[in-house]
Amino acid sequence: MLILGLNMFHADASAAILEDGEVVFGIAEERLNRHKHFGGFPSLSVKACLDAVGAKITDLDHVAVGQDSDAHLAKKVQYALANPAKILNFIRLRQRKEGMRDVRSLLAKAFEVEAKQLRFQEHHLEHHIAHIASAYYCSPWEKAAGFSYDGSGDFVSTMMARCEGNDIEVLDRVFLPHSLGSFYTMICEFIGYKKYGDEGKVMGLAPYGKDSCHPRVSQIVRLANGSFQLDLSYFKPLGSNQGMQVLPDGTVRLARHYSSRMEKLFGEPREPYTEITQRDMDLAYAMQRRFEEVFFHLLNELYHRVPLTDLAMAGGCALNSVANGKIFQQTPFRRTWIQPAAGDEGLAIGAALHTYHSVLKQPRRYEQKHAYLGPEFSEARIEADLKKANLRYRRLEREPLLEAVAAEVAAGNVVGWFQGRMEWGPRALGNRSIVAHPGLPNMKEVLNARIKHREWFRPFAPSILAEHQNEYFEHDHPSPFMLHVYKIRPGKRKELCAVNHVDDTGRLQTVTREENPLYYALIKAFQRKTGIPVVLNTSFNENEPIVCAPEEAIDCFRRTKMDVLAIGPFLAVKSEN
Ligand SMILES: [Fe+2]
């Protein structure tokens with residue numbers, strides 16, 4: 001049985017395919033069309049899914065979409081009527097969405113077949129149920145507390161659920177305009193980070209701030225009986241899309257979120273690319289602190305309703321790895337399973353798995369043990385691309401390749417590491433990564449000057465052999481998808497100085513041999529040379545979606561000052577090219 005899951009006409013459009021309940025393949029459209037956060041129809045992703053299982057579009061049994069625009073219609077109408085300026089928008093949005101719901105016609109057009117040839121059944125699932133499904137059904141658990149939170153999806157920003165067996169029982173929802181994601185976005189915009197997805201950057205700025213504006217920022221979002229409410233006077237009325245608009249070319253644009261009240265309280269908003277002041281850092285600090293307070297308030301309420309210590313979580317805000325790292329101190333939850341594609345690309349997996357288990361009542365058998373669900377490329381294809389680019393390279397067997405790369409990293413060189421199947425989700429986890437020495441004091445500056453050109457305040461992340469986590473970090477809950485930030489132990493901060501953030505934390509990836517044998521062996525080889533069981537791992541890209549195909553990796557290697565490219569069994573060195 002083939003089930004295709006889709007996130008479409010929404011940020012981070014994506015597709016994933018299930019074969020008899022196993023997730024075989026998943027990818028976000030941005031990786032294929034190279035349009036960051038693309039929010040149109042993911043036709044290339046669908047084709048990649050079908051190719052992965054050797055099927056045609058007419059072979060699909062079910063297609064599930066992680067969006068249901070009819071959900072909570074009455075609430076949306078009520079909201080539009082209370083905000084007359086938004087009524088026209090609301091009607092336009094509804095009209096536009098009509099055509100976007102017709103999955104059969106869209107797929108028929110994309111694959112040039114007659115709609116009647118498509119025999120699949122179509123399913124639409126509410127956004128946040130799809131998020132929770134993407135975590136719970138991928139976890140090894142038979143029951144768990146389910147939680148999802150983000151900016152907005154189907155007029156909801158937060159959902160709590162009890163997950164048991166095949167079922168996800170929704171216990172509570174927070175409806176728009178109240179949204180913890182919008183609170184975060186609003187302050188990010190106010191301090192000059194206005195693009196979709198900038199929130200992750202500002203999280204890195206927060207620890208540079210002082211605790212000077214927390215009482216004022218706390219007024220913007222208030223705790224209320226196990227839930228929360230925004231003080232809407234700080235926000236512009238945003239409409240039922242909560243200020244997020246997908247343009248006809250698939251670009252995701254954010255409307256201005258903050259009202260003039262923010263300016264009265266905190267002064268002029270910061271213009272992008274201007275100097276970051278202490279005020280901006282203090283606001284980032286207060287935003288993160290308040291976000292965490294509300295998050296833990298919600299999680300403690302969830303535990304009260306579902307007294308289980310396992311938490312299955314997704315939604316864009318679940319990418320807040322700083323908050324995730326504190327769950328074990330601040331709540332009774334003892335284990336987390338967070339979907340690596342916690343943002344909206346993960347809806348494709350959630351919708352597909354929900355169809356299999358909840359709609360079709362098929363037994364649980366799948367467990368997502370790694371994030372390598374994307375495409376891989378043959379040695380012949382890689383070599384052809386190297387030749388086309390006129391690069392000098394040599395081919396090495398596994399052990400000599402690992403030795404050579406480990407020696408380069410140990411010598412302080414920056415290596416593009418392109419191996420196996422691409423990661424699913426926004427993090428590079430050792431298959432489309434740039435690796436470097438974690439213990440050289442200037443490595444962060446080197447990477448930024450030569451390749452990444454990121455904001456000075458953003459930390460780089462460590463990949464650590466899982467068995468050494470406890471030696472280096474103050475918490476031992478695994479972080480296989482780089483979704484937890486923990487304190488680095490005082491005695492290890494110097495050794496990891498290039499990945500030790502200003503607050504002595506690191507957003508670690510714990511690596512096991514089972515999850516990624518080659519990457520594990522690379523770190524092990526580096527450890528043999530340096531004594532450090534850790535490498536610095538940053539995504540293989542330069543202001544673009546993470547590279548997917550060999551030619552994109554080769555192009556990034558050539559246009560940046562990367563020292564070495566290890567691509568499949570081939571090694572290319574910049575000084576020889
Ligand atoms: Fe979402």
# chains A, B, ... in the order shown; residues from 1 in each chain; ligands from 1
>>> residues_near_ligand(ligand="ligand 1", cutoff="9 Å", atoms="only C-alpha atoms and all ligand atoms", output="PDB file with N, CA and C atoms, in the first residue's frame")
ATOM      1  N   ALA A  11       4.257  27.176   3.826  1.00  0.00           N
ATOM      2  CA  ALA A  11       5.716  27.255   3.943  1.00  0.00           C
ATOM      3  C   ALA A  11       6.325  25.860   4.047  1.00  0.00           C
ATOM      4  N   HIS A 127      -3.845  20.619  10.662  1.00  0.00           N
ATOM      5  CA  HIS A 127      -2.418  20.938  10.737  1.00  0.00           C
ATOM      6  C   HIS A 127      -1.730  20.391  12.003  1.00  0.00           C
ATOM      7  N   HIS A 128      -2.247  20.730  13.151  1.00  0.00           N
ATOM      8  CA  HIS A 128      -1.535  20.360  14.385  1.00  0.00           C
ATOM      9  C   HIS A 128      -1.679  18.876  14.726  1.00  0.00           C
ATOM     10  N   ALA A 130      -1.523  16.690  12.403  1.00  0.00           N
ATOM     11  CA  ALA A 130      -0.450  16.159  11.541  1.00  0.00           C
ATOM     12  C   ALA A 130       0.913  16.361  12.207  1.00  0.00           C
ATOM     13  N   HIS A 131       1.109  17.508  12.863  1.00  0.00           N
ATOM     14  CA  HIS A 131       2.381  17.712  13.577  1.00  0.00           C
ATOM     15  C   HIS A 131       2.567  16.646  14.664  1.00  0.00           C
ATOM     16  N   SER A 148       2.000  20.159  20.168  1.00  0.00           N
ATOM     17  CA  SER A 148       2.423  20.858  18.952  1.00  0.00           C
ATOM     18  C   SER A 148       2.224  22.357  19.145  1.00  0.00           C
ATOM     19  N   TYR A 149       3.186  23.137  18.704  1.00  0.00           N
ATOM     20  CA  TYR A 149       3.014  24.603  18.748  1.00  0.00           C
ATOM     21  C   TYR A 149       3.831  25.265  17.648  1.00  0.00           C
ATOM     22  N   ASP A 150       3.267  26.339  17.118  1.00  0.00           N
ATOM     23  CA  ASP A 150       3.933  27.067  16.038  1.00  0.00           C
ATOM     24  C   ASP A 150       3.294  28.447  15.906  1.00  0.00           C
ATOM     25  N   GLY A 151       3.484  29.107  14.761  1.00  0.00           N
ATOM     26  CA  GLY A 151       2.850  30.406  14.529  1.00  0.00           C
ATOM     27  C   GLY A 151       1.357  30.223  14.329  1.00  0.00           C
ATOM     28  N   SER A 152       1.012  29.410  13.344  1.00  0.00           N
ATOM     29  CA  SER A 152      -0.395  29.097  13.117  1.00  0.00           C
ATOM     30  C   SER A 152      -0.515  27.976  12.099  1.00  0.00           C
ATOM     31  N   GLY A 153      -1.632  27.264  12.188  1.00  0.00           N
ATOM     32  CA  GLY A 153      -1.964  26.238  11.205  1.00  0.00           C
ATOM     33  C   GLY A 153      -3.415  25.869  11.388  1.00  0.00           C
ATOM     34  N   ASP A 154      -4.216  26.051  10.340  1.00  0.00           N
ATOM     35  CA  ASP A 154      -5.663  25.815  10.426  1.00  0.00           C
ATOM     36  C   ASP A 154      -6.278  26.537  11.630  1.00  0.00           C
ATOM     37  N   SER A 157      -2.772  27.531  17.110  1.00  0.00           N
ATOM     38  CA  SER A 157      -1.334  27.729  17.321  1.00  0.00           C
ATOM     39  C   SER A 157      -0.728  26.674  18.241  1.00  0.00           C
ATOM     40  N   ALA A 314       6.117  18.261  18.065  1.00  0.00           N
ATOM     41  CA  ALA A 314       6.511  18.850  16.775  1.00  0.00           C
ATOM     42  C   ALA A 314       5.895  20.236  16.682  1.00  0.00           C
ATOM     43  N   GLY A 315       5.956  20.843  15.487  1.00  0.00           N
ATOM     44  CA  GLY A 315       5.530  22.228  15.288  1.00  0.00           C
ATOM     45  C   GLY A 315       6.771  23.107  15.220  1.00  0.00           C
ATOM     46  N   GLY A 316       6.686  24.200  14.482  1.00  0.00           N
ATOM     47  CA  GLY A 316       7.863  25.049  14.256  1.00  0.00           C
ATOM     48  C   GLY A 316       8.546  25.484  15.535  1.00  0.00           C
ATOM     49  N   CYS A 317       7.775  25.750  16.606  1.00  0.00           N
ATOM     50  CA  CYS A 317       8.395  26.193  17.862  1.00  0.00           C
ATOM     51  C   CYS A 317       9.180  25.066  18.537  1.00  0.00           C
ATOM     52  N   ALA A 342      10.462  19.191  12.509  1.00  0.00           N
ATOM     53  CA  ALA A 342       9.402  19.677  13.402  1.00  0.00           C
ATOM     54  C   ALA A 342       8.604  20.807  12.765  1.00  0.00           C
ATOM     55  N   GLY A 343       9.196  21.530  11.831  1.00  0.00           N
ATOM     56  CA  GLY A 343       8.483  22.580  11.101  1.00  0.00           C
ATOM     57  C   GLY A 343       7.502  21.980  10.106  1.00  0.00           C
ATOM     58  N   ASP A 344       7.001  22.798   9.202  1.00  0.00           N
ATOM     59  CA  ASP A 344       5.857  22.353   8.415  1.00  0.00           C
ATOM     60  C   ASP A 344       6.183  21.310   7.346  1.00  0.00           C
ATOM     61  N   GLU A 345       7.450  21.130   6.984  1.00  0.00           N
ATOM     62  CA  GLU A 345       7.729  20.044   6.027  1.00  0.00           C
ATOM     63  C   GLU A 345       7.382  18.694   6.654  1.00  0.00           C
ATOM     64  N   GLY A 346       7.438  18.633   7.987  1.00  0.00           N
ATOM     65  CA  GLY A 346       7.117  17.385   8.692  1.00  0.00           C
ATOM     66  C   GLY A 346       5.655  16.980   8.589  1.00  0.00           C
ATOM     67  N   LEU A 347       4.787  17.922   8.190  1.00  0.00           N
ATOM     68  CA  LEU A 347       3.355  17.605   8.074  1.00  0.00           C
ATOM     69  C   LEU A 347       3.111  16.468   7.084  1.00  0.00           C
TER      70      LEU A 347
END
>>> residues_around(residues="Lys194 in chain A", least_positions_apart="2", cutoff="9 Å", atoms="only C-alpha atoms", output="ChimeraX atom specification")
/A:185-186,188-192,196-199,253-256,272
>>> atom_distance(atom1="CA of Gly209 in chain A", atom2="CA of Gln509 in chain A")
25.7 Å
>>> select_by_dssp(residues="range 169-328 of chain A", states="alpha helix (DSSP H)", output="CSV table (one decimal) with N, CA and C atoms, in the first residue's frame")
chain,number,residue,atom,x,y,z
A,180,LEU,N,2.1,31.5,20.5
A,180,LEU,CA,3.4,31.7,21.1
A,180,LEU,C,4.4,31.9,19.9
A,181,GLY,N,4.2,31.3,18.8
A,181,GLY,CA,5.0,31.5,17.6
A,181,GLY,C,5.0,32.9,17.1
A,182,SER,N,3.8,33.5,17.1
A,182,SER,CA,3.6,34.9,16.6
A,182,SER,C,4.2,35.9,17.6
A,183,PHE,N,4.2,35.5,18.9
A,183,PHE,CA,4.9,36.4,19.9
A,183,PHE,C,6.4,36.4,19.6
A,184,TYR,N,6.9,35.3,19.3
A,184,TYR,CA,8.4,35.2,19.0
A,184,TYR,C,8.7,36.0,17.7
A,185,THR,N,7.9,35.7,16.7
A,185,THR,CA,8.1,36.3,15.4
A,185,THR,C,8.0,37.9,15.5
A,186,MET,N,7.0,38.3,16.3
A,186,MET,CA,6.8,39.8,16.4
A,186,MET,C,8.0,40.4,17.0
A,187,ILE,N,8.6,39.9,18.0
A,187,ILE,CA,9.8,40.5,18.6
A,187,ILE,C,11.0,40.4,17.7
A,188,CYS,N,11.1,39.2,17.0
A,188,CYS,CA,12.2,39.1,16.0
A,188,CYS,C,12.1,40.2,15.0
A,189,GLU,N,10.9,40.4,14.5
A,189,GLU,CA,10.7,41.5,13.5
A,189,GLU,C,11.1,42.8,14.1
A,190,PHE,N,10.7,43.1,15.3
A,190,PHE,CA,10.9,44.4,15.9
A,190,PHE,C,12.4,44.7,16.0
A,199,GLU,N,13.6,33.2,13.2
A,199,GLU,CA,13.5,33.0,14.7
A,199,GLU,C,14.7,32.2,15.3
A,200,GLY,N,15.2,31.2,14.5
A,200,GLY,CA,16.3,30.4,14.9
A,200,GLY,C,17.6,31.2,15.1
A,201,LYS,N,17.7,32.2,14.3
A,201,LYS,CA,18.9,33.1,14.4
A,201,LYS,C,18.9,33.8,15.7
A,202,VAL,N,17.7,34.4,16.0
A,202,VAL,CA,17.6,35.3,17.2
A,202,VAL,C,17.7,34.5,18.5
A,203,MET,N,17.4,33.3,18.4
A,203,MET,CA,17.6,32.4,19.6
A,203,MET,C,19.0,32.4,20.0
A,204,GLY,N,19.9,32.5,19.0
A,204,GLY,CA,21.4,32.6,19.4
A,204,GLY,C,21.8,33.9,19.9
A,205,LEU,N,21.0,34.9,19.7
A,205,LEU,CA,21.3,36.3,20.2
A,205,LEU,C,20.9,36.4,21.7
A,214,HIS,N,12.4,42.0,30.9
A,214,HIS,CA,11.5,40.8,31.1
A,214,HIS,C,10.1,41.2,31.6
A,215,PRO,N,10.0,42.1,32.6
A,215,PRO,CA,8.7,42.4,33.1
A,215,PRO,C,7.8,43.0,32.1
A,216,ARG,N,8.4,43.9,31.2
A,216,ARG,CA,7.6,44.5,30.2
A,216,ARG,C,7.2,43.5,29.1
A,217,VAL,N,8.1,42.7,28.7
A,217,VAL,CA,7.9,41.7,27.7
A,217,VAL,C,6.8,40.6,28.2
A,218,SER,N,6.9,40.4,29.5
A,218,SER,CA,5.9,39.4,30.0
A,218,SER,C,4.5,39.9,29.9
A,260,SER,N,2.2,49.9,17.0
A,260,SER,CA,2.9,51.1,17.5
A,260,SER,C,3.1,51.1,19.0
A,261,ARG,N,2.3,50.2,19.7
A,261,ARG,CA,2.5,50.1,21.2
A,261,ARG,C,3.9,49.6,21.5
A,262,MET,N,4.4,48.7,20.7
A,262,MET,CA,5.8,48.3,20.9
A,262,MET,C,6.8,49.4,20.8
A,263,GLU,N,6.6,50.3,19.9
A,263,GLU,CA,7.5,51.5,19.7
A,263,GLU,C,7.4,52.4,20.9
A,264,LYS,N,6.2,52.6,21.4
A,264,LYS,CA,6.0,53.4,22.6
A,264,LYS,C,6.8,52.8,23.8
A,265,LEU,N,6.7,51.5,23.9
A,265,LEU,CA,7.3,50.9,25.1
A,265,LEU,C,8.8,50.7,24.9
A,266,PHE,N,9.3,50.4,23.7
A,266,PHE,CA,10.7,50.0,23.5
A,266,PHE,C,11.5,50.9,22.6
A,278,GLN,N,22.3,47.0,22.7
A,278,GLN,CA,22.1,46.3,23.9
A,278,GLN,C,20.5,46.1,24.1
A,279,ARG,N,19.8,47.1,23.7
A,279,ARG,CA,18.3,47.0,23.8
A,279,ARG,C,17.8,45.8,23.0
A,280,ASP,N,18.4,45.6,21.8
A,280,ASP,CA,17.9,44.5,20.9
A,280,ASP,C,18.3,43.2,21.6
A,281,MET,N,19.5,43.1,22.2
A,281,MET,CA,19.9,41.9,22.8
A,281,MET,C,19.0,41.6,24.0
A,282,ASP,N,18.7,42.6,24.8
A,282,ASP,CA,17.9,42.5,26.0
A,282,ASP,C,16.5,42.0,25.6
A,283,LEU,N,16.0,42.5,24.5
A,283,LEU,CA,14.7,42.1,24.0
A,283,LEU,C,14.7,40.6,23.6
A,284,ALA,N,15.8,40.2,22.9
A,284,ALA,CA,15.9,38.8,22.5
A,284,ALA,C,15.9,37.9,23.8
A,285,TYR,N,16.7,38.4,24.8
A,285,TYR,CA,16.8,37.6,26.0
A,285,TYR,C,15.4,37.5,26.7
A,286,ALA,N,14.7,38.6,26.8
A,286,ALA,CA,13.4,38.5,27.4
A,286,ALA,C,12.4,37.7,26.6
A,287,MET,N,12.5,37.8,25.3
A,287,MET,CA,11.6,37.0,24.5
A,287,MET,C,11.8,35.5,24.7
A,288,GLN,N,13.1,35.1,24.7
A,288,GLN,CA,13.4,33.7,24.9
A,288,GLN,C,12.9,33.2,26.3
A,289,ARG,N,13.2,34.1,27.3
A,289,ARG,CA,12.9,33.7,28.7
A,289,ARG,C,11.3,33.6,28.8
A,290,ARG,N,10.6,34.5,28.3
A,290,ARG,CA,9.1,34.5,28.4
A,290,ARG,C,8.6,33.3,27.6
A,291,PHE,N,9.2,33.1,26.4
A,291,PHE,CA,8.8,31.9,25.6
A,291,PHE,C,8.9,30.6,26.4
A,292,GLU,N,10.0,30.5,27.1
A,292,GLU,CA,10.2,29.3,27.9
A,292,GLU,C,9.2,29.2,29.0
A,293,GLU,N,9.0,30.3,29.7
A,293,GLU,CA,8.0,30.3,30.8
A,293,GLU,C,6.7,29.8,30.4
A,294,VAL,N,6.2,30.3,29.2
A,294,VAL,CA,4.9,29.9,28.7
A,294,VAL,C,4.9,28.4,28.3
A,295,PHE,N,6.0,28.1,27.6
A,295,PHE,CA,6.1,26.7,27.1
A,295,PHE,C,6.1,25.7,28.3
A,296,PHE,N,6.8,26.0,29.4
A,296,PHE,CA,6.8,25.0,30.5
A,296,PHE,C,5.5,25.0,31.2
A,297,HIS,N,4.8,26.2,31.3
A,297,HIS,CA,3.5,26.3,31.8
A,297,HIS,C,2.5,25.3,31.1
A,298,LEU,N,2.6,25.4,29.7
A,298,LEU,CA,1.8,24.5,28.9
A,298,LEU,C,2.1,23.0,29.1
A,299,LEU,N,3.4,22.8,29.1
A,299,LEU,CA,3.8,21.3,29.3
A,299,LEU,C,3.4,20.8,30.6
A,300,ASN,N,3.5,21.6,31.7
A,300,ASN,CA,3.1,21.1,33.0
A,300,ASN,C,1.6,20.9,33.0
A,301,GLU,N,0.9,21.7,32.3
A,301,GLU,CA,-0.6,21.5,32.2
A,301,GLU,C,-0.9,20.2,31.4
A,302,LEU,N,-0.1,20.0,30.4
A,302,LEU,CA,-0.3,18.8,29.6
A,302,LEU,C,0.0,17.5,30.4
A,303,TYR,N,1.1,17.6,31.2
A,303,TYR,CA,1.4,16.5,32.1
A,303,TYR,C,0.3,16.2,33.1
A,304,HIS,N,-0.3,17.3,33.6
A,304,HIS,CA,-1.4,17.2,34.5
A,304,HIS,C,-2.6,16.4,33.9
A,305,ARG,N,-2.8,16.7,32.6
A,305,ARG,CA,-3.9,16.0,31.9
A,305,ARG,C,-3.5,14.6,31.4
A,321,SER,N,15.6,24.7,20.4
A,321,SER,CA,16.4,23.7,21.0
A,321,SER,C,16.8,24.1,22.4
A,322,VAL,N,16.9,25.4,22.6
A,322,VAL,CA,17.3,25.9,24.0
A,322,VAL,C,16.2,25.6,25.0
A,323,ALA,N,14.9,25.8,24.6
A,323,ALA,CA,13.8,25.4,25.4
A,323,ALA,C,13.7,23.9,25.6
A,324,ASN,N,13.9,23.2,24.5
A,324,ASN,CA,13.9,21.7,24.6
A,324,ASN,C,14.9,21.2,25.6
A,327,ILE,N,13.5,21.0,29.2
A,327,ILE,CA,12.3,20.3,29.5
A,327,ILE,C,12.4,19.4,30.8
A,328,PHE,N,13.6,18.8,30.9
A,328,PHE,CA,13.8,17.8,31.9
A,328,PHE,C,13.9,18.4,33.3
>>> residues_around(residues="His357 in chain A", least_positions_apart="2", cutoff="9 Å", atoms="only C-alpha atoms", output="CSV table (one decimal) with all heavy atoms, in the first residue's frame")
chain,number,residue,atom,x,y,z
A,21,GLY,N,3.3,1.3,5.4
A,21,GLY,CA,3.4,1.8,6.8
A,21,GLY,C,4.8,2.3,7.1
A,21,GLY,O,5.1,2.9,8.1
A,137,TYR,N,3.8,8.9,15.9
A,137,TYR,CA,3.8,7.7,15.1
A,137,TYR,C,5.3,7.3,14.7
A,137,TYR,O,5.5,6.2,14.2
A,137,TYR,CB,2.9,7.8,13.8
A,137,TYR,CG,1.5,7.9,14.2
A,137,TYR,CD1,0.7,8.8,13.6
A,137,TYR,CD2,0.9,6.9,15.0
A,137,TYR,CE1,-0.7,8.9,13.8
A,137,TYR,CE2,-0.5,7.0,15.3
A,137,TYR,CZ,-1.3,8.0,14.7
A,137,TYR,OH,-2.6,8.0,15.0
A,165,GLY,N,-1.8,3.9,21.4
A,165,GLY,CA,-2.0,2.9,20.4
A,165,GLY,C,-2.1,3.6,19.0
A,165,GLY,O,-1.1,4.3,18.7
A,166,ASN,N,-3.2,3.4,18.3
A,166,ASN,CA,-3.3,4.1,17.0
A,166,ASN,C,-3.9,5.4,17.0
A,166,ASN,O,-4.1,6.1,16.0
A,166,ASN,CB,-4.2,3.2,16.1
A,166,ASN,CG,-3.5,2.0,15.5
A,166,ASN,OD1,-2.5,1.6,16.1
A,166,ASN,ND2,-3.9,1.5,14.4
A,167,ASP,N,-4.3,5.9,18.2
A,167,ASP,CA,-5.1,7.1,18.3
A,167,ASP,C,-4.4,8.3,18.9
A,167,ASP,O,-3.6,8.2,19.8
A,167,ASP,CB,-6.4,6.8,19.1
A,167,ASP,CG,-7.2,5.7,18.5
A,167,ASP,OD1,-7.3,5.7,17.3
A,167,ASP,OD2,-7.6,4.8,19.3
A,352,ALA,N,0.6,11.3,6.4
A,352,ALA,CA,0.6,10.0,5.8
A,352,ALA,C,0.5,8.9,6.9
A,352,ALA,O,-0.3,8.0,6.8
A,352,ALA,CB,1.9,9.8,5.0
A,353,LEU,N,1.2,9.1,8.0
A,353,LEU,CA,1.2,8.1,9.1
A,353,LEU,C,-0.2,8.1,9.7
A,353,LEU,O,-0.7,7.0,10.2
A,353,LEU,CB,2.3,8.4,10.1
A,353,LEU,CG,3.7,7.9,9.6
A,353,LEU,CD1,4.8,8.5,10.6
A,353,LEU,CD2,3.8,6.4,9.6
A,354,HIS,N,-0.8,9.2,9.9
A,354,HIS,CA,-2.1,9.3,10.5
A,354,HIS,C,-3.1,8.6,9.6
A,354,HIS,O,-4.0,7.8,10.2
A,354,HIS,CB,-2.5,10.8,10.6
A,354,HIS,CG,-3.8,11.0,11.3
A,354,HIS,ND1,-5.0,11.0,10.7
A,354,HIS,CD2,-4.1,11.1,12.7
A,354,HIS,CE1,-6.0,11.1,11.6
A,354,HIS,NE2,-5.5,11.2,12.8
A,355,THR,N,-3.0,8.7,8.3
A,355,THR,CA,-3.9,8.0,7.4
A,355,THR,C,-3.7,6.4,7.6
A,355,THR,O,-4.7,5.7,7.8
A,355,THR,CB,-3.6,8.3,6.0
A,355,THR,OG1,-3.9,9.7,5.8
A,355,THR,CG2,-4.5,7.5,5.0
A,359,VAL,N,-6.8,6.3,10.3
A,359,VAL,CA,-7.9,6.2,9.4
A,359,VAL,C,-8.1,4.7,8.9
A,359,VAL,O,-9.1,4.2,9.0
A,359,VAL,CB,-7.7,7.1,8.1
A,359,VAL,CG1,-8.9,6.9,7.1
A,359,VAL,CG2,-7.6,8.6,8.6
A,360,LEU,N,-6.9,4.1,8.5
A,360,LEU,CA,-7.0,2.8,8.0
A,360,LEU,C,-6.8,1.7,9.1
A,360,LEU,O,-6.9,0.5,8.8
A,360,LEU,CB,-6.0,2.6,6.9
A,360,LEU,CG,-6.1,3.6,5.7
A,360,LEU,CD1,-4.9,3.5,4.8
A,360,LEU,CD2,-7.4,3.4,5.0
A,361,LYS,N,-6.6,2.1,10.3
A,361,LYS,CA,-6.5,1.2,11.5
A,361,LYS,C,-5.4,0.1,11.3
A,361,LYS,O,-5.5,-1.0,11.8
A,361,LYS,CB,-7.8,0.5,11.8
A,361,LYS,CG,-9.0,1.5,11.9
A,361,LYS,CD,-8.9,2.2,13.2
A,361,LYS,CE,-10.0,3.2,13.3
A,361,LYS,NZ,-9.6,4.4,14.1
A,362,GLN,N,-4.3,0.5,10.6
A,362,GLN,CA,-3.2,-0.5,10.4
A,362,GLN,C,-2.3,-0.4,11.6
A,362,GLN,O,-2.1,0.6,12.2
A,362,GLN,CB,-2.4,-0.1,9.2
A,362,GLN,CG,-3.2,-0.3,7.9
A,362,GLN,CD,-3.6,-1.7,7.6
A,362,GLN,OE1,-2.8,-2.7,7.7
A,362,GLN,NE2,-4.9,-1.9,7.4
A,363,PRO,N,-1.7,-1.6,12.0
A,363,PRO,CA,-1.0,-1.6,13.2
A,363,PRO,C,0.3,-0.8,13.2
A,363,PRO,O,0.9,-0.6,12.1
A,363,PRO,CB,-0.6,-3.1,13.4
A,363,PRO,CG,-0.8,-3.7,12.0
A,363,PRO,CD,-1.8,-2.9,11.3
A,364,ARG,N,0.8,-0.4,14.3
A,364,ARG,CA,2.0,0.4,14.4
A,364,ARG,C,3.2,-0.6,14.2
A,364,ARG,O,3.3,-1.6,14.7
A,364,ARG,CB,2.2,1.0,15.8
A,364,ARG,CG,1.1,1.9,16.3
A,364,ARG,CD,1.4,3.3,15.9
A,364,ARG,NE,2.7,3.8,16.3
A,364,ARG,CZ,3.0,4.3,17.5
A,364,ARG,NH1,2.2,4.3,18.5
A,364,ARG,NH2,4.3,4.8,17.7
>>> decode(residues="range 186-204 of chain A", atoms="C-alpha atoms", output="short mmCIF file (atom, residue, chain, number, x, y, z; two decimals), in the first residue's frame")
data_model
loop_
_atom_site.label_atom_id
_atom_site.label_comp_id
_atom_site.auth_asym_id
_atom_site.auth_seq_id
_atom_site.Cartn_x
_atom_site.Cartn_y
_atom_site.Cartn_z
CA MET A 186 6.78 39.76 16.43
CA ILE A 187 9.80 40.52 18.62
CA CYS A 188 12.22 39.10 16.02
CA GLU A 189 10.70 41.49 13.48
CA PHE A 190 10.91 44.38 15.94
CA ILE A 191 14.64 43.83 16.35
CA GLY A 192 15.20 43.63 12.60
CA TYR A 193 14.80 39.92 11.75
CA LYS A 194 11.85 39.99 9.41
CA LYS A 195 12.24 36.96 7.19
CA TYR A 196 10.35 33.72 7.53
CA GLY A 197 12.56 31.39 9.58
CA ASP A 198 14.68 34.09 11.24
CA GLU A 199 13.54 33.02 14.69
CA GLY A 200 16.28 30.40 14.94
CA LYS A 201 18.92 33.08 14.42
CA VAL A 202 17.58 35.32 17.16
CA MET A 203 17.56 32.40 19.60
CA GLY A 204 21.38 32.57 19.36
#
